[in-house]
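Here's the structure we're looking at; comments come further down.
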Amino acid sequence: EYLRLTSLGVIGALVKVDDSEVVNFLLQTEIIPLCLRIMETGSELSKTVATFIVQKILLDEVGLNYICATAERFYAVSTVLSNMVAMLVESPSHRLLKHIARCYLRLADNLRARDALRQCLPDALRDGTFNALLKDDASTSRWLQSLTQTLRGYNG
């Protein structure tokens, strides 16, 4: 676990730079499947750092396009995020929820992903399940509100 966290820390430092070349390089290394596996099985800290890495990759246009290029990639990411939301209902983590919310909001910037999210976005992100956890976090609350409005707005 210590080695995993150290490695994730190095990769996290790389993606903090907000450089498309770094994102492009990481995508070629199959970092997404590795992060997804850690997001499912790691400690809370490992999950948080792995989710942050996926978030930073998604925030880059190259990363968003890569993840949304195929249904398989999109569903791999959205399934893991959905499983994490279910886990957060049982065992809340503010930091983890913040990164997950940002990932979903960014996915919604892609038209095909937005259509899919209308069907697969966890109810817990729509129905106020996390309101108490987010009572002192205006930015994450706004992200979730914006996400639900975006999905509703394009639905008619």
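In the structure tokens, chains take letters A, B, ... by order of appearance, with residues numbered from 1 within each chain and ligands from 1 in the order shown.
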List every residue of segment 62-146 of chain A that DSSP, applied to the backbone, labels as helix (DSSP H, G or I), and write the result as a tab-separated table (two decimals) with all heavy atoms, in the first residue's frame.
```
chain	number	residue	atom	x	y	z
A	62	VAL	N	-7.88	16.23	-24.14
A	62	VAL	CA	-7.36	14.96	-24.66
A	62	VAL	C	-7.87	13.79	-23.82
A	62	VAL	O	-8.30	12.76	-24.35
A	62	VAL	CB	-5.81	14.97	-24.68
A	62	VAL	CG1	-5.24	13.61	-24.98
A	62	VAL	CG2	-5.30	15.99	-25.69
A	63	GLY	N	-7.85	13.95	-22.51
A	63	GLY	CA	-8.30	12.90	-21.61
A	63	GLY	C	-9.80	12.64	-21.72
A	63	GLY	O	-10.24	11.49	-21.76
A	64	LEU	N	-10.59	13.73	-21.77
A	64	LEU	CA	-12.04	13.57	-21.91
A	64	LEU	C	-12.37	12.85	-23.21
A	64	LEU	O	-13.18	11.92	-23.23
A	64	LEU	CB	-12.73	14.93	-21.87
A	64	LEU	CG	-14.25	14.91	-22.04
A	64	LEU	CD1	-14.92	14.18	-20.89
A	64	LEU	CD2	-14.79	16.33	-22.18
A	65	ASN	N	-11.73	13.27	-24.29
A	65	ASN	CA	-11.98	12.63	-25.59
A	65	ASN	C	-11.57	11.17	-25.58
A	65	ASN	O	-12.26	10.32	-26.16
A	65	ASN	CB	-11.26	13.38	-26.71
A	65	ASN	CG	-11.88	14.75	-26.96
A	65	ASN	OD1	-13.05	14.98	-26.66
A	65	ASN	ND2	-11.09	15.66	-27.50
A	66	TYR	N	-10.47	10.86	-24.92
A	66	TYR	CA	-9.99	9.47	-24.85
A	66	TYR	C	-11.00	8.60	-24.11
A	66	TYR	O	-11.38	7.53	-24.57
A	66	TYR	CB	-8.63	9.42	-24.15
A	66	TYR	CG	-8.11	8.02	-23.94
A	66	TYR	CD1	-7.38	7.38	-24.93
A	66	TYR	CD2	-8.36	7.33	-22.75
A	66	TYR	CE1	-6.90	6.08	-24.75
A	66	TYR	CE2	-7.89	6.04	-22.56
A	66	TYR	CZ	-7.17	5.43	-23.56
A	66	TYR	OH	-6.72	4.15	-23.38
A	67	ILE	N	-11.45	9.06	-22.95
A	67	ILE	CA	-12.36	8.25	-22.13
A	67	ILE	C	-13.73	8.12	-22.80
A	67	ILE	O	-14.38	7.08	-22.68
A	67	ILE	CB	-12.46	8.83	-20.71
A	67	ILE	CG1	-11.15	8.54	-19.97
A	67	ILE	CG2	-13.65	8.26	-19.95
A	67	ILE	CD1	-10.99	9.18	-18.63
A	68	CYS	N	-14.14	9.14	-23.53
A	68	CYS	CA	-15.46	9.10	-24.17
A	68	CYS	C	-15.41	8.57	-25.60
A	68	CYS	O	-16.45	8.51	-26.27
A	68	CYS	CB	-16.09	10.49	-24.14
A	68	CYS	SG	-16.44	11.06	-22.45
A	71	ALA	N	-17.62	3.37	-25.98
A	71	ALA	CA	-18.59	3.07	-24.92
A	71	ALA	C	-17.93	2.27	-23.80
A	71	ALA	O	-18.22	2.47	-22.62
A	71	ALA	CB	-19.78	2.31	-25.49
A	72	GLU	N	-17.01	1.37	-24.17
A	72	GLU	CA	-16.35	0.53	-23.17
A	72	GLU	C	-15.57	1.37	-22.17
A	72	GLU	O	-15.65	1.14	-20.96
A	72	GLU	CB	-15.43	-0.49	-23.83
A	72	GLU	CG	-16.15	-1.55	-24.64
A	72	GLU	CD	-16.61	-1.06	-26.02
A	72	GLU	OE1	-16.13	0.01	-26.50
A	72	GLU	OE2	-17.45	-1.73	-26.62
A	73	ARG	N	-14.81	2.34	-22.67
A	73	ARG	CA	-14.03	3.19	-21.76
A	73	ARG	C	-14.94	4.02	-20.87
A	73	ARG	O	-14.73	4.13	-19.66
A	73	ARG	CB	-13.11	4.12	-22.55
A	73	ARG	CG	-11.94	3.43	-23.17
A	73	ARG	CD	-11.07	4.45	-23.90
A	73	ARG	NE	-10.16	3.77	-24.81
A	73	ARG	CZ	-9.66	4.32	-25.89
A	73	ARG	NH1	-9.95	5.57	-26.22
A	73	ARG	NH2	-8.83	3.65	-26.66
A	74	PHE	N	-15.96	4.63	-21.49
A	74	PHE	CA	-16.88	5.45	-20.71
A	74	PHE	C	-17.54	4.61	-19.61
A	74	PHE	O	-17.60	5.01	-18.46
A	74	PHE	CB	-17.95	6.09	-21.59
A	74	PHE	CG	-19.06	6.69	-20.79
A	74	PHE	CD1	-18.90	7.92	-20.18
A	74	PHE	CD2	-20.24	5.98	-20.58
A	74	PHE	CE1	-19.90	8.45	-19.38
A	74	PHE	CE2	-21.25	6.51	-19.79
A	74	PHE	CZ	-21.09	7.75	-19.19
A	75	TYR	N	-18.06	3.45	-19.99
A	75	TYR	CA	-18.76	2.63	-19.00
A	75	TYR	C	-17.82	2.06	-17.95
A	75	TYR	O	-18.23	1.86	-16.80
A	75	TYR	CB	-19.61	1.55	-19.67
A	75	TYR	CG	-20.89	2.13	-20.21
A	75	TYR	CD1	-21.11	2.25	-21.57
A	75	TYR	CD2	-21.87	2.62	-19.34
A	75	TYR	CE1	-22.27	2.83	-22.06
A	75	TYR	CE2	-23.03	3.19	-19.82
A	75	TYR	CZ	-23.23	3.29	-21.18
A	75	TYR	OH	-24.38	3.87	-21.65
A	76	ALA	N	-16.58	1.82	-18.30
A	76	ALA	CA	-15.61	1.36	-17.29
A	76	ALA	C	-15.45	2.45	-16.22
A	76	ALA	O	-15.50	2.16	-15.01
A	76	ALA	CB	-14.26	1.04	-17.94
A	77	VAL	N	-15.28	3.68	-16.66
A	77	VAL	CA	-15.11	4.80	-15.72
A	77	VAL	C	-16.41	5.06	-14.95
A	77	VAL	O	-16.40	5.16	-13.72
A	77	VAL	CB	-14.64	6.07	-16.46
A	77	VAL	CG1	-14.66	7.29	-15.54
A	77	VAL	CG2	-13.25	5.86	-17.03
A	78	SER	N	-17.53	5.14	-15.65
A	78	SER	CA	-18.79	5.48	-14.98
A	78	SER	C	-19.23	4.37	-14.02
A	78	SER	O	-19.82	4.67	-12.97
A	78	SER	CB	-19.89	5.81	-15.98
A	78	SER	OG	-20.24	4.69	-16.74
A	79	THR	N	-18.95	3.12	-14.34
A	79	THR	CA	-19.31	2.02	-13.44
A	79	THR	C	-18.52	2.10	-12.14
A	79	THR	O	-19.08	1.95	-11.04
A	79	THR	CB	-19.10	0.66	-14.13
A	79	THR	OG1	-19.94	0.60	-15.27
A	79	THR	CG2	-19.41	-0.49	-13.20
A	80	VAL	N	-17.22	2.35	-12.25
A	80	VAL	CA	-16.40	2.47	-11.04
A	80	VAL	C	-16.85	3.68	-10.21
A	80	VAL	O	-17.00	3.59	-8.99
A	80	VAL	CB	-14.90	2.55	-11.38
A	80	VAL	CG1	-14.08	2.92	-10.16
A	80	VAL	CG2	-14.42	1.22	-11.96
A	81	LEU	N	-17.11	4.81	-10.88
A	81	LEU	CA	-17.59	5.99	-10.15
A	81	LEU	C	-18.92	5.69	-9.45
A	81	LEU	O	-19.12	6.07	-8.29
A	81	LEU	CB	-17.74	7.19	-11.10
A	81	LEU	CG	-16.45	7.80	-11.63
A	81	LEU	CD1	-16.77	8.84	-12.70
A	81	LEU	CD2	-15.62	8.41	-10.52
A	82	SER	N	-19.81	5.01	-10.14
A	82	SER	CA	-21.10	4.66	-9.56
A	82	SER	C	-20.94	3.75	-8.34
A	82	SER	O	-21.60	3.94	-7.30
A	82	SER	CB	-21.98	3.98	-10.62
A	82	SER	OG	-23.20	3.60	-10.07
A	83	ASN	N	-20.06	2.76	-8.45
A	83	ASN	CA	-19.79	1.87	-7.31
A	83	ASN	C	-19.22	2.65	-6.13
A	83	ASN	O	-19.53	2.35	-4.97
A	83	ASN	CB	-18.84	0.74	-7.71
A	83	ASN	CG	-19.47	-0.23	-8.69
A	83	ASN	OD1	-20.69	-0.31	-8.83
A	83	ASN	ND2	-18.63	-0.98	-9.39
A	84	MET	N	-18.40	3.64	-6.44
A	84	MET	CA	-17.82	4.45	-5.37
A	84	MET	C	-18.90	5.30	-4.68
A	84	MET	O	-18.87	5.47	-3.46
A	84	MET	CB	-16.71	5.34	-5.93
A	84	MET	CG	-15.50	4.56	-6.39
A	84	MET	SD	-14.24	5.62	-7.08
A	84	MET	CE	-13.53	6.28	-5.58
A	85	VAL	N	-19.83	5.82	-5.46
A	85	VAL	CA	-20.93	6.59	-4.86
A	85	VAL	C	-21.73	5.69	-3.92
A	85	VAL	O	-22.06	6.10	-2.80
A	85	VAL	CB	-21.83	7.21	-5.95
A	85	VAL	CG1	-23.10	7.80	-5.35
A	85	VAL	CG2	-21.07	8.28	-6.73
A	86	ALA	N	-22.01	4.47	-4.35
A	86	ALA	CA	-22.73	3.52	-3.50
A	86	ALA	C	-21.96	3.27	-2.20
A	86	ALA	O	-22.55	3.20	-1.11
A	86	ALA	CB	-22.98	2.22	-4.25
A	87	MET	N	-20.65	3.15	-2.31
A	87	MET	CA	-19.81	2.95	-1.14
A	87	MET	C	-19.84	4.19	-0.23
A	87	MET	O	-19.88	4.07	1.00
A	87	MET	CB	-18.37	2.65	-1.60
A	87	MET	CG	-17.40	2.31	-0.50
A	87	MET	SD	-16.20	3.58	0.01
A	87	MET	CE	-15.87	4.59	-1.38
A	88	LEU	N	-19.88	5.37	-0.83
A	88	LEU	CA	-19.91	6.61	-0.03
A	88	LEU	C	-21.22	6.78	0.72
A	88	LEU	O	-21.25	7.44	1.76
A	88	LEU	CB	-19.67	7.83	-0.93
A	88	LEU	CG	-18.25	8.00	-1.45
A	88	LEU	CD1	-18.17	9.22	-2.36
A	88	LEU	CD2	-17.26	8.12	-0.32
A	89	VAL	N	-22.30	6.22	0.21
A	89	VAL	CA	-23.57	6.27	0.92
A	89	VAL	C	-23.42	5.56	2.27
A	89	VAL	O	-23.90	6.03	3.30
A	89	VAL	CB	-24.71	5.64	0.08
A	89	VAL	CG1	-25.98	5.46	0.91
A	89	VAL	CG2	-24.99	6.48	-1.16
A	90	GLU	N	-22.69	4.45	2.26
A	90	GLU	CA	-22.47	3.65	3.48
A	90	GLU	C	-21.36	4.24	4.35
A	90	GLU	O	-21.42	4.19	5.57
A	90	GLU	CB	-22.10	2.21	3.11
A	90	GLU	CG	-23.13	1.49	2.28
A	90	GLU	CD	-24.47	1.38	2.98
A	90	GLU	OE1	-24.48	1.08	4.20
A	90	GLU	OE2	-25.50	1.60	2.33
A	94	HIS	N	-15.81	13.11	2.38
A	94	HIS	CA	-16.00	14.38	1.70
A	94	HIS	C	-15.01	14.56	0.55
A	94	HIS	O	-15.38	14.96	-0.55
A	94	HIS	CB	-15.87	15.53	2.70
A	94	HIS	CG	-15.96	16.86	2.07
A	94	HIS	ND1	-14.85	17.64	1.83
A	94	HIS	CD2	-17.02	17.55	1.57
A	94	HIS	CE1	-15.22	18.74	1.22
A	94	HIS	NE2	-16.52	18.72	1.06
A	95	ARG	N	-13.73	14.27	0.81
A	95	ARG	CA	-12.70	14.46	-0.23
A	95	ARG	C	-12.97	13.60	-1.45
A	95	ARG	O	-12.83	14.05	-2.58
A	95	ARG	CB	-11.31	14.14	0.31
A	95	ARG	CG	-10.73	15.23	1.17
A	95	ARG	CD	-9.27	15.00	1.45
A	95	ARG	NE	-8.98	13.63	1.86
A	95	ARG	CZ	-7.78	13.15	2.05
A	95	ARG	NH1	-6.74	13.92	1.88
A	95	ARG	NH2	-7.59	11.91	2.43
A	96	LEU	N	-13.34	12.36	-1.23
A	96	LEU	CA	-13.61	11.45	-2.33
A	96	LEU	C	-14.84	11.90	-3.11
A	96	LEU	O	-14.83	11.91	-4.35
A	96	LEU	CB	-13.81	10.04	-1.76
A	96	LEU	CG	-13.54	8.85	-2.66
A	96	LEU	CD1	-12.28	8.99	-3.47
A	96	LEU	CD2	-13.48	7.58	-1.81
A	97	LEU	N	-15.88	12.32	-2.41
A	97	LEU	CA	-17.09	12.80	-3.08
A	97	LEU	C	-16.79	14.01	-3.95
A	97	LEU	O	-17.32	14.12	-5.07
A	97	LEU	CB	-18.17	13.13	-2.04
A	97	LEU	CG	-19.49	13.65	-2.61
A	97	LEU	CD1	-20.12	12.64	-3.57
A	97	LEU	CD2	-20.45	14.01	-1.48
A	98	LYS	N	-15.94	14.89	-3.48
A	98	LYS	CA	-15.59	16.09	-4.24
A	98	LYS	C	-14.97	15.71	-5.59
A	98	LYS	O	-15.36	16.24	-6.64
A	98	LYS	CB	-14.62	16.93	-3.41
A	98	LYS	CG	-14.26	18.26	-4.00
A	98	LYS	CD	-13.31	19.00	-3.05
A	98	LYS	CE	-13.23	20.45	-3.38
A	98	LYS	NZ	-14.20	21.27	-2.68
A	99	HIS	N	-14.04	14.76	-5.59
A	99	HIS	CA	-13.39	14.34	-6.84
A	99	HIS	C	-14.36	13.59	-7.75
A	99	HIS	O	-14.34	13.77	-8.97
A	99	HIS	CB	-12.16	13.47	-6.54
A	99	HIS	CG	-11.07	14.20	-5.85
A	99	HIS	ND1	-10.50	15.36	-6.34
A	99	HIS	CD2	-10.44	13.96	-4.68
A	99	HIS	CE1	-9.57	15.79	-5.50
A	99	HIS	NE2	-9.50	14.95	-4.48
A	100	ILE	N	-15.21	12.77	-7.17
A	100	ILE	CA	-16.20	12.02	-7.96
A	100	ILE	C	-17.18	12.98	-8.63
A	100	ILE	O	-17.48	12.85	-9.82
A	100	ILE	CB	-16.94	10.99	-7.07
A	100	ILE	CG1	-15.98	9.88	-6.65
A	100	ILE	CG2	-18.15	10.41	-7.79
A	100	ILE	CD1	-16.52	8.98	-5.55
A	101	ALA	N	-17.66	13.96	-7.88
A	101	ALA	CA	-18.59	14.94	-8.43
A	101	ALA	C	-17.96	15.68	-9.60
A	101	ALA	O	-18.59	15.89	-10.65
A	101	ALA	CB	-19.02	15.93	-7.35
A	102	ARG	N	-16.70	16.06	-9.45
A	102	ARG	CA	-16.01	16.79	-10.53
A	102	ARG	C	-15.82	15.90	-11.75
A	102	ARG	O	-15.93	16.38	-12.89
A	102	ARG	CB	-14.66	17.30	-10.01
A	102	ARG	CG	-14.01	18.31	-10.93
A	102	ARG	CD	-14.86	19.57	-11.04
A	102	ARG	NE	-14.34	20.45	-12.06
A	102	ARG	CZ	-14.82	20.56	-13.30
A	102	ARG	NH1	-15.85	19.85	-13.68
A	102	ARG	NH2	-14.29	21.39	-14.17
A	103	CYS	N	-15.55	14.62	-11.55
A	103	CYS	CA	-15.43	13.68	-12.67
A	103	CYS	C	-16.74	13.60	-13.44
A	103	CYS	O	-16.76	13.69	-14.68
A	103	CYS	CB	-15.04	12.28	-12.18
A	103	CYS	SG	-13.33	12.12	-11.66
A	104	TYR	N	-17.83	13.43	-12.73
A	104	TYR	CA	-19.13	13.34	-13.40
A	104	TYR	C	-19.48	14.63	-14.14
A	104	TYR	O	-19.97	14.59	-15.26
A	104	TYR	CB	-20.23	13.02	-12.38
A	104	TYR	CG	-20.45	11.56	-12.11
A	104	TYR	CD1	-20.31	11.05	-10.83
A	104	TYR	CD2	-20.83	10.69	-13.14
A	104	TYR	CE1	-20.55	9.71	-10.57
A	104	TYR	CE2	-21.06	9.34	-12.88
A	104	TYR	CZ	-20.91	8.86	-11.60
A	104	TYR	OH	-21.14	7.53	-11.34
A	105	LEU	N	-19.21	15.77	-13.50
A	105	LEU	CA	-19.52	17.04	-14.15
A	105	LEU	C	-18.73	17.19	-15.44
A	105	LEU	O	-19.26	17.64	-16.46
A	105	LEU	CB	-19.24	18.21	-13.20
A	105	LEU	CG	-19.61	19.59	-13.72
A	105	LEU	CD1	-21.10	19.69	-14.05
A	105	LEU	CD2	-19.22	20.66	-12.70
A	106	ARG	N	-17.48	16.80	-15.41
A	106	ARG	CA	-16.66	16.90	-16.62
A	106	ARG	C	-17.12	15.91	-17.69
A	106	ARG	O	-17.15	16.26	-18.88
A	106	ARG	CB	-15.19	16.66	-16.27
A	106	ARG	CG	-14.25	16.75	-17.45
A	106	ARG	CD	-14.32	18.08	-18.17
A	106	ARG	NE	-13.29	18.13	-19.20
A	106	ARG	CZ	-13.35	18.89	-20.27
A	106	ARG	NH1	-14.37	19.70	-20.46
A	106	ARG	NH2	-12.38	18.85	-21.16
A	107	LEU	N	-17.48	14.70	-17.30
A	107	LEU	CA	-18.00	13.73	-18.28
A	107	LEU	C	-19.22	14.30	-18.99
A	107	LEU	O	-19.41	14.09	-20.20
A	107	LEU	CB	-18.35	12.41	-17.60
A	107	LEU	CG	-17.20	11.49	-17.26
A	107	LEU	CD1	-17.68	10.36	-16.35
A	107	LEU	CD2	-16.53	10.93	-18.51
A	111	LEU	N	-21.11	15.18	-25.27
A	111	LEU	CA	-22.52	14.94	-25.63
A	111	LEU	C	-22.95	13.49	-25.45
A	111	LEU	O	-24.01	13.22	-24.88
A	111	LEU	CB	-22.78	15.39	-27.07
A	111	LEU	CG	-22.85	16.89	-27.30
A	111	LEU	CD1	-22.92	17.22	-28.78
A	111	LEU	CD2	-24.03	17.49	-26.56
A	112	ARG	N	-22.14	12.55	-25.95
A	112	ARG	CA	-22.52	11.14	-25.82
A	112	ARG	C	-22.50	10.69	-24.36
A	112	ARG	O	-23.37	9.94	-23.92
A	112	ARG	CB	-21.60	10.25	-26.66
A	112	ARG	CG	-21.91	10.36	-28.15
A	112	ARG	CD	-21.15	9.34	-28.95
A	112	ARG	NE	-19.71	9.45	-28.73
A	112	ARG	CZ	-18.81	8.65	-29.24
A	112	ARG	NH1	-19.18	7.65	-29.99
A	112	ARG	NH2	-17.54	8.83	-29.01
A	113	ALA	N	-21.51	11.16	-23.62
A	113	ALA	CA	-21.44	10.81	-22.21
A	113	ALA	C	-22.63	11.40	-21.46
A	113	ALA	O	-23.21	10.76	-20.58
A	113	ALA	CB	-20.12	11.30	-21.61
A	114	ARG	N	-23.00	12.61	-21.82
A	114	ARG	CA	-24.15	13.27	-21.17
A	114	ARG	C	-25.41	12.43	-21.37
A	114	ARG	O	-26.18	12.21	-20.44
A	114	ARG	CB	-24.34	14.67	-21.75
A	114	ARG	CG	-25.40	15.47	-21.05
A	114	ARG	CD	-25.59	16.84	-21.69
A	114	ARG	NE	-24.32	17.52	-21.86
A	114	ARG	CZ	-24.06	18.33	-22.88
A	114	ARG	NH1	-24.95	18.56	-23.81
A	114	ARG	NH2	-22.88	18.92	-22.97
A	115	ASP	N	-25.62	11.97	-22.60
A	115	ASP	CA	-26.79	11.12	-22.87
A	115	ASP	C	-26.76	9.86	-22.01
A	115	ASP	O	-27.78	9.46	-21.46
A	115	ASP	CB	-26.83	10.73	-24.35
A	115	ASP	CG	-27.23	11.90	-25.24
A	115	ASP	OD1	-27.83	12.87	-24.73
A	115	ASP	OD2	-26.95	11.84	-26.45
A	116	ALA	N	-25.59	9.24	-21.91
A	116	ALA	CA	-25.47	8.02	-21.11
A	116	ALA	C	-25.67	8.30	-19.62
A	116	ALA	O	-26.30	7.50	-18.91
A	116	ALA	CB	-24.11	7.37	-21.36
A	117	LEU	N	-25.16	9.43	-19.15
A	117	LEU	CA	-25.27	9.76	-17.73
A	117	LEU	C	-26.73	9.97	-17.30
A	117	LEU	O	-27.07	9.76	-16.14
A	117	LEU	CB	-24.45	11.01	-17.39
A	117	LEU	CG	-22.94	10.80	-17.33
A	117	LEU	CD1	-22.23	12.14	-17.15
A	117	LEU	CD2	-22.57	9.84	-16.22
A	118	ARG	N	-27.57	10.37	-18.23
A	118	ARG	CA	-28.99	10.51	-17.89
A	118	ARG	C	-29.55	9.19	-17.38
A	118	ARG	O	-30.43	9.17	-16.54
A	118	ARG	CB	-29.78	10.96	-19.11
A	118	ARG	CG	-29.60	12.40	-19.42
A	118	ARG	CD	-30.63	12.89	-20.42
A	118	ARG	NE	-30.21	14.19	-20.87
A	118	ARG	CZ	-29.57	14.42	-22.02
A	118	ARG	NH1	-29.34	13.43	-22.84
A	118	ARG	NH2	-29.19	15.62	-22.33
A	119	GLN	N	-29.01	8.10	-17.90
A	119	GLN	CA	-29.48	6.77	-17.51
A	119	GLN	C	-28.70	6.21	-16.31
A	119	GLN	O	-29.26	5.47	-15.51
A	119	GLN	CB	-29.35	5.78	-18.68
A	119	GLN	CG	-29.95	6.25	-19.98
A	119	GLN	CD	-31.41	6.63	-19.84
A	119	GLN	OE1	-32.17	5.93	-19.20
A	119	GLN	NE2	-31.79	7.76	-20.41
A	120	CYS	N	-27.41	6.51	-16.21
A	120	CYS	CA	-26.58	5.79	-15.24
A	120	CYS	C	-26.04	6.63	-14.09
A	120	CYS	O	-25.31	6.10	-13.25
A	120	CYS	CB	-25.44	5.06	-15.96
A	120	CYS	SG	-24.20	6.14	-16.70
A	123	ASP	N	-28.59	7.74	-8.28
A	123	ASP	CA	-29.65	8.54	-7.65
A	123	ASP	C	-29.12	9.33	-6.46
A	123	ASP	O	-29.58	10.44	-6.20
A	123	ASP	CB	-30.81	7.65	-7.19
A	123	ASP	CG	-31.62	7.13	-8.37
A	123	ASP	OD1	-31.57	7.73	-9.46
A	123	ASP	OD2	-32.30	6.09	-8.18
A	124	ALA	N	-28.16	8.77	-5.74
A	124	ALA	CA	-27.62	9.45	-4.56
A	124	ALA	C	-27.01	10.82	-4.90
A	124	ALA	O	-26.93	11.69	-4.03
A	124	ALA	CB	-26.57	8.57	-3.87
A	125	LEU	N	-26.61	11.03	-6.15
A	125	LEU	CA	-26.07	12.32	-6.54
A	125	LEU	C	-27.17	13.29	-6.97
A	125	LEU	O	-26.93	14.48	-7.13
A	125	LEU	CB	-25.06	12.15	-7.69
A	125	LEU	CG	-23.80	11.38	-7.36
A	125	LEU	CD1	-22.90	11.27	-8.58
A	125	LEU	CD2	-23.04	12.02	-6.19
A	138	ALA	N	-19.65	24.68	-0.63
A	138	ALA	CA	-20.49	25.29	-1.67
A	138	ALA	C	-20.06	24.86	-3.07
A	138	ALA	O	-20.91	24.67	-3.94
A	138	ALA	CB	-20.43	26.82	-1.54
A	139	SER	N	-18.75	24.69	-3.30
A	139	SER	CA	-18.31	24.38	-4.66
A	139	SER	C	-18.78	22.99	-5.10
A	139	SER	O	-19.30	22.83	-6.21
A	139	SER	CB	-16.79	24.52	-4.82
A	139	SER	OG	-16.11	23.60	-4.00
A	140	THR	N	-18.63	21.97	-4.26
A	140	THR	CA	-19.07	20.62	-4.63
A	140	THR	C	-20.59	20.58	-4.76
A	140	THR	O	-21.12	19.95	-5.67
A	140	THR	CB	-18.57	19.57	-3.63
A	140	THR	OG1	-17.14	19.67	-3.54
A	140	THR	CG2	-18.94	18.17	-4.08
A	141	SER	N	-21.29	21.28	-3.89
A	141	SER	CA	-22.75	21.36	-3.99
A	141	SER	C	-23.16	21.98	-5.32
A	141	SER	O	-24.08	21.49	-5.99
A	141	SER	CB	-23.33	22.18	-2.84
A	141	SER	OG	-23.10	21.53	-1.61
A	142	ARG	N	-22.46	23.04	-5.72
A	142	ARG	CA	-22.75	23.69	-7.02
A	142	ARG	C	-22.46	22.74	-8.17
A	142	ARG	O	-23.20	22.71	-9.16
A	142	ARG	CB	-21.92	24.96	-7.18
A	142	ARG	CG	-22.60	26.20	-6.66
A	142	ARG	CD	-21.93	27.49	-7.14
A	142	ARG	NE	-20.49	27.49	-7.00
A	142	ARG	CZ	-19.82	27.86	-5.91
A	142	ARG	NH1	-20.47	28.27	-4.85
A	142	ARG	NH2	-18.50	27.83	-5.89
A	143	TRP	N	-21.36	21.97	-8.07
A	143	TRP	CA	-21.02	21.02	-9.14
A	143	TRP	C	-22.14	20.00	-9.31
A	143	TRP	O	-22.55	19.70	-10.43
A	143	TRP	CB	-19.71	20.30	-8.84
A	143	TRP	CG	-18.49	21.15	-8.94
A	143	TRP	CD1	-18.37	22.35	-9.60
A	143	TRP	CD2	-17.22	20.88	-8.37
A	143	TRP	NE1	-17.09	22.83	-9.45
A	143	TRP	CE2	-16.36	21.94	-8.70
A	143	TRP	CE3	-16.72	19.83	-7.59
A	143	TRP	CZ2	-15.03	22.00	-8.30
A	143	TRP	CZ3	-15.40	19.88	-7.18
A	143	TRP	CH2	-14.56	20.95	-7.54
A	144	LEU	N	-22.63	19.46	-8.20
A	144	LEU	CA	-23.71	18.46	-8.29
A	144	LEU	C	-25.00	19.10	-8.81
A	144	LEU	O	-25.71	18.49	-9.61
A	144	LEU	CB	-23.95	17.80	-6.93
A	144	LEU	CG	-22.87	16.83	-6.47
A	144	LEU	CD1	-23.16	16.30	-5.08
A	144	LEU	CD2	-22.70	15.68	-7.46
A	145	GLN	N	-25.28	20.31	-8.38
A	145	GLN	CA	-26.46	21.02	-8.87
A	145	GLN	C	-26.34	21.29	-10.37
A	145	GLN	O	-27.28	21.07	-11.13
A	145	GLN	CB	-26.63	22.32	-8.09
A	145	GLN	CG	-27.92	23.05	-8.37
A	145	GLN	CD	-28.07	24.27	-7.48
A	145	GLN	OE1	-27.08	24.89	-7.06
A	145	GLN	NE2	-29.31	24.62	-7.17
A	146	SER	N	-25.18	21.74	-10.78
A	146	SER	CA	-24.93	21.99	-12.20
A	146	SER	C	-25.05	20.70	-13.02
A	146	SER	O	-25.62	20.71	-14.12
A	146	SER	CB	-23.54	22.61	-12.37
A	146	SER	OG	-23.24	22.80	-13.72
```
For Ala13 of chain A: contacts at 12 Å, only C-alpha atoms, fewer than 5 positions along chain excluded, given as number ranges by chain: A: 6-8, 18-19, 22-23, 49-50, 52-53, 56
Between atom CA of Ile38 of chain A and atom CA of Gly128 of chain A - distance in Å to one decimal: 27.0 Å
From the list A:Thr29, A:Asn24, A:Ser93, A:Gln55, which residue is nearest Leu134 of chain A when using only C-alpha atoms? A:Ser93
Given only C-alpha atoms as the basis, pick out the residue of A:Ala108, A:Ala69, A:Leu121, A:Leu133 nearest to Thr150 of chain A. A:Ala108
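Taking atom CA of Leu5 of chain A and atom CA of Leu59 of chain A as the two end points, the separation is 22.0 Å.
If you measure from each of A:Val54, A:Ser20, A:Leu14, A:Pro122 to Ile32 of chain A using only C-alpha atoms, the closest one turns out to be A:Val54.
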